[in-house]
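Participant: I am attaching a structure below and will ask some questions about it afterwards.
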Amino acid sequence: MTIQEVEAHKNNQGYNIDYILEKYHFQRNHWTVPSPVPWAETEGDEDDVEEAKKADAWSNNRRTTGIKSDADFYQLQVERYKKVIMINEKPRPDAKAIAVQVYAWLKAQPDGIEISTYDAVNKALGLTWTQYDDIKKRNLCFYGGLILDEQDFYCIHDYLLGKIHMGHKYEADFSSKYEGQNVGLPYNIPFVFKKSS
């Protein structure tokens with residue numbers, strides 16, 4: 001999906017991608033787009049007020065923008081602004097379900113692969129891009145419409161190790177070259193994923 005395709009959507013009435021992204025963001029979160037009318041009445045002339053009224057009616061008319069998913073929404077922002085500036089509100093990701101998906105991916109790899117939880121998640125889910133969130137001071141990893149932060153990776157790491165040890169068929173061997181070293185966050189430390197002996 002491109003910016004041009006979205007701007008050409010029948011419901012967008014000639015508004016540019018900035019307005020369309022804002023409308024999608026507010027719709028997606030079940031919010032009302034703030035009206036520009038009071039500002040136009042204070043600062044603008046009669047034409048500005050009429051334009052503001054039209055924009056207000058379009059912004060809150062409940063018609064779709066042509067953006068089909070959060071993945072498209074984030075990708076369009078990167079295309080327009082070079083980063084994501086609007087993140088949709090939603091509950092925390094299901095770390096347990098993600099760990100199960102990563103475990104399945106690990107089992108399909110050659111025995112003895114050395115990898116960290118972070119890298120395994122990126123390979124299993126398909127990392128799209130990363131970005132630092134200046135507002136909440138956190139690193140974000142985007143996987144299409146799914147966003148994970150450091151807290152999510154801690155949870156996924158714990159669930160993944162639990163899943164590996166629970167089955168007794170595989171093990172995560174951390175005793176290689178990093179044993180006893182302070183090398184970073186737990187989910188960034190490589191381990192050897194191999195069949196139990």
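Labeling convention for the structure tokens: chains A, B, ... as they appear, residues from 1 per chain, ligands from 1 in order of appearance.
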Within stretch 72-155 of chain A, find each residue whose DSSP state, derived from the backbone, is alpha helix (DSSP H), and express the selection as an MDAnalysis selection string.
Facilitator: chainID A and resid 72:81 95:107 117:125 150:155
Participant: Name the residues of chain A that fall into strand (DSSP E) according to DSSP on the backbone, using the chain letters and numbers of this document, as a VMD selection string.
Facilitator: chain A and resid 113 to 115 129 to 133 138 to 143 146 to 148 170 to 173 191 to 195
Participant: Can you check which parts of stretch 1-38 of chain A lie within 8 Å of stretch 50-54 of chain A? Per residue, the shortest pair of atoms and distance in Å to one decimal, counting only C-alpha atoms, sorted by chain and number, as a Markdown table.
Facilitator:
| residue | atom | partner | partner_atom | distance |
| --- | --- | --- | --- | --- |
| A:Ser35 | CA | A:Ala52 | CA | 7.7 |
| A:Pro36 | CA | A:Ala52 | CA | 5.5 |
| A:Val37 | CA | A:Ala52 | CA | 5.1 |
Participant: Find the residues near A:Asn29: any atom within 7 Å, counting only C-alpha atoms, skip ones fewer than 4 places away on the same chain, and give them as an MDAnalysis selection string.
Facilitator: chainID A and resid 25 88:89
Participant: The selected residues should be written to file as a PDB file, in the first residue's frame (atoms: all heavy atoms).
Facilitator:
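again.pdb, freshly written:
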ATOM      1  N   HIS A  25      -5.769   6.803  12.991  1.00  0.00           N
ATOM      2  CA  HIS A  25      -5.303   6.655  14.368  1.00  0.00           C
ATOM      3  C   HIS A  25      -6.437   6.894  15.364  1.00  0.00           C
ATOM      4  O   HIS A  25      -6.654   6.104  16.288  1.00  0.00           O
ATOM      5  CB  HIS A  25      -4.151   7.627  14.624  1.00  0.00           C
ATOM      6  CG  HIS A  25      -3.607   7.599  16.012  1.00  0.00           C
ATOM      7  ND1 HIS A  25      -3.049   6.486  16.576  1.00  0.00           N
ATOM      8  CD2 HIS A  25      -3.530   8.572  16.949  1.00  0.00           C
ATOM      9  CE1 HIS A  25      -2.648   6.760  17.807  1.00  0.00           C
ATOM     10  NE2 HIS A  25      -2.930   8.017  18.061  1.00  0.00           N
ATOM     11  N   ASN A  88      -0.933   2.867  17.957  1.00  0.00           N
ATOM     12  CA  ASN A  88      -2.295   2.547  18.382  1.00  0.00           C
ATOM     13  C   ASN A  88      -2.286   1.847  19.734  1.00  0.00           C
ATOM     14  O   ASN A  88      -1.434   1.011  20.009  1.00  0.00           O
ATOM     15  CB  ASN A  88      -2.993   1.681  17.339  1.00  0.00           C
ATOM     16  CG  ASN A  88      -3.294   2.459  16.083  1.00  0.00           C
ATOM     17  OD1 ASN A  88      -3.550   3.659  16.139  1.00  0.00           O
ATOM     18  ND2 ASN A  88      -3.237   1.803  14.953  1.00  0.00           N
ATOM     19  N   GLU A  89      -3.241   2.224  20.568  1.00  0.00           N
ATOM     20  CA  GLU A  89      -3.367   1.630  21.891  1.00  0.00           C
ATOM     21  C   GLU A  89      -3.933   0.224  21.774  1.00  0.00           C
ATOM     22  O   GLU A  89      -4.876  -0.004  21.037  1.00  0.00           O
ATOM     23  CB  GLU A  89      -4.310   2.481  22.753  1.00  0.00           C
ATOM     24  CG  GLU A  89      -3.825   3.894  22.990  1.00  0.00           C
ATOM     25  CD  GLU A  89      -2.550   3.964  23.804  1.00  0.00           C
ATOM     26  OE1 GLU A  89      -2.380   3.119  24.712  1.00  0.00           O
ATOM     27  OE2 GLU A  89      -1.713   4.831  23.524  1.00  0.00           O
TER      28      GLU A  89
END
Participant: Measure the distance from atom CA of A:Tyr170 to atom CA of A:Tyr143 in Å and round it to one decimal.
Facilitator: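 Interatomic distance here is 26.7 Å.
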Participant: Considering only C-alpha atoms, can you say which of A:Glu114, A:Asp56, A:Glu22, A:Asp72 comes closest to A:Ser175?
Facilitator: A:Glu114
